[in-house]
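Take a look at the structure set out below.
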Amino acid sequence: MKTATLTGRGGTWVAAKARPNGSATSLAYGVIEMASTVSRQDFLKLTGIGIGALAFSELGFDLAKATAIKRELRIANATESRSICPYCAVGCSMIAYTRPDTNGQPQLLQIEGDPDSPVNEGRLCPKGATALQLASSNRRVEHPMYRAPGATAWQQLTWDDMLDKLARRIKDSRDRTFVAVDKKGNLVNRVDGIAFTGGATFSSEEGYFAAKVMRGLGLVYLEQQARV
Ligand code: SF4
């Protein structure tokens, strides 16, 4: 059994152990085995040293290269499309890799950070790094769902039904809360009962359009997540 060690706070830690067959799994096994009492800083040092040492001399092959080849095969000949993470206002840039499936439909293979983006330089936070699941998870809700006031169960609606319902609610709320003249007698023509928030993937044009529509309805409470 092979080991790599580092002397740090609290003594000498075993960095990694490789089983005699030198498999990559045994490397991960060894690292997990030692990690329970080491600090985060030490852990990063340890894994850097362990992988660096074992990748070439102990396992007999370059793990980084093997990982790159595996990744290369997964997205080989895929179409690259650039987009923006939908989750928050940081606006990290992403690359989506797609390839037609046997029916000719685009199949999403992978999403990763765009290294050419000055915003995230190829990185994604854990939330953005799981964006693939937003599109491919079998737990994704693909239809409008409605839960009536006081009800415990959700019901599935068509998009037309849901849009009609939204339009009805907006009209009713606007009629009910419209203020033509304020308490000082000023003509204001505003709606106090509705607020609007825009999502992170709004483009400048969409944000402009949404603001125009909402102001046209008389809304004064507007917020916009996208600031990029
Ligand atoms: S990757 Fe994370 S930080 Fe970047 S936009 Fe998405 S949620 Fe925000």
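Numbering starts fresh at 1 for the residues of each chain in the structure tokens, the chains themselves are lettered A, B, ... in the order given, and ligands are numbered from 1 as they appear.
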Spatial neighbours of A:Thr177, 7 Å, only C-alpha atoms, chain gap at least 3 places, as a ChimeraX atom specification: /A:173-174,191-193
Check every protein, DNA and RNA residue against ligand 1, keep those with an atom at most 9 Å away (counting only C-alpha atoms and all ligand atoms), and present them as a CSV table (one decimal) with N, CA and C atoms, in the first residue's frame.
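So the final result, stored in result16.csv, reads:
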chain,number,residue,atom,x,y,z
A,84,ILE,N,-26.4,32.5,-20.3
A,84,ILE,CA,-26.1,33.1,-19.0
A,84,ILE,C,-26.8,32.3,-17.9
A,85,CYS,N,-26.2,32.1,-16.8
A,85,CYS,CA,-26.8,31.3,-15.7
A,85,CYS,C,-28.1,32.0,-15.3
A,86,PRO,N,-29.2,31.3,-15.1
A,86,PRO,CA,-30.5,31.9,-14.8
A,86,PRO,C,-30.7,32.2,-13.4
A,87,TYR,N,-29.8,31.9,-12.5
A,87,TYR,CA,-30.1,31.8,-11.1
A,87,TYR,C,-29.9,33.2,-10.4
A,88,CYS,N,-28.9,33.9,-10.6
A,88,CYS,CA,-28.7,35.1,-9.8
A,88,CYS,C,-28.1,36.3,-10.6
A,89,ALA,N,-28.0,37.4,-10.0
A,89,ALA,CA,-27.6,38.6,-10.7
A,89,ALA,C,-26.1,38.7,-11.0
A,90,VAL,N,-25.3,37.8,-10.6
A,90,VAL,CA,-23.9,37.8,-11.0
A,90,VAL,C,-23.8,37.6,-12.5
A,91,GLY,N,-24.7,36.8,-13.1
A,91,GLY,CA,-24.7,36.7,-14.5
A,91,GLY,C,-23.5,35.9,-15.1
A,92,CYS,N,-23.2,34.8,-14.5
A,92,CYS,CA,-22.0,34.0,-15.0
A,92,CYS,C,-22.4,33.4,-16.4
A,93,SER,N,-21.4,33.4,-17.2
A,93,SER,CA,-21.6,32.9,-18.6
A,93,SER,C,-21.3,31.4,-18.6
A,94,MET,N,-22.1,30.7,-19.4
A,94,MET,CA,-22.1,29.3,-19.5
A,94,MET,C,-21.9,28.9,-20.9
A,113,GLY,N,-18.9,26.5,-17.1
A,113,GLY,CA,-18.5,27.9,-17.1
A,113,GLY,C,-17.8,28.3,-18.4
A,119,VAL,N,-16.7,37.8,-16.4
A,119,VAL,CA,-17.5,37.7,-15.1
A,119,VAL,C,-17.0,36.6,-14.3
A,120,ASN,N,-17.0,35.4,-14.9
A,120,ASN,CA,-16.7,34.2,-14.0
A,120,ASN,C,-15.5,33.4,-14.5
A,123,ARG,N,-15.6,29.8,-14.2
A,123,ARG,CA,-16.1,29.2,-12.9
A,123,ARG,C,-17.6,29.2,-12.8
A,124,LEU,N,-18.2,28.4,-12.0
A,124,LEU,CA,-19.6,28.4,-11.6
A,124,LEU,C,-19.7,28.0,-10.2
A,125,CYS,N,-20.6,28.7,-9.5
A,125,CYS,CA,-20.9,28.3,-8.1
A,125,CYS,C,-21.6,26.9,-8.1
A,126,PRO,N,-21.8,26.3,-6.9
A,126,PRO,CA,-22.4,25.0,-6.9
A,126,PRO,C,-23.8,25.0,-7.5
A,127,LYS,N,-24.5,26.1,-7.3
A,127,LYS,CA,-25.9,26.2,-7.9
A,127,LYS,C,-25.8,26.2,-9.4
A,128,GLY,N,-24.9,27.1,-9.9
A,128,GLY,CA,-24.8,27.1,-11.4
A,128,GLY,C,-24.2,25.9,-12.0
A,129,ALA,N,-23.4,25.2,-11.2
A,129,ALA,CA,-22.7,24.0,-11.8
A,129,ALA,C,-23.7,22.8,-11.9
A,130,THR,N,-24.9,22.9,-11.3
A,130,THR,CA,-25.9,21.9,-11.4
A,130,THR,C,-27.0,22.3,-12.4
A,131,ALA,N,-26.7,23.3,-13.2
A,131,ALA,CA,-27.7,23.9,-14.1
A,131,ALA,C,-28.2,22.8,-15.1
A,200,ALA,N,-33.2,36.9,-13.7
A,200,ALA,CA,-31.8,37.1,-13.9
A,200,ALA,C,-31.4,37.0,-15.4
Provide the atom CA of A:Ile95 to atom CA of A:Leu132 distance in Å, to one decimal place.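 One can read the atom CA of A:Ile95 to atom CA of A:Leu132 distance as 10.8 Å.
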Secondary structure check, strand (DSSP E) residues of stretch 93-199 of chain A, as a PyMOL selection string: chain A and resi 93-100+106-113+145-146+155-156+178-181+187-198
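Restricting the calculation to only C-alpha atoms, the smallest distance between A:Ser83 and any of A:Phe202, A:Arg169, A:Pro149, A:Leu163 is found for A:Phe202.
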One decimal, Å: what's the distance from atom CA of A:Lys165 over to atom CA of A:Pro144, could you say? 11.2 Å
If you count only C-alpha atoms, the residue of A:Trp154, A:Phe178, A:Tyr146, A:Phe196 closest to A:Tyr221 turns out to be A:Phe196
Could you give me, as a PyMOL selection string, the residues within 10 Å of A:Pro106, counting only C-alpha atoms and dropping anything in the same chain fewer than 5 positions from it? chain A and resi 78-79+97-101
Just how far from atom CA of A:Arg190 is atom CA of A:Gly216, in Å to one decimal?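 That distance, rounded to one decimal, is 9.5 Å.
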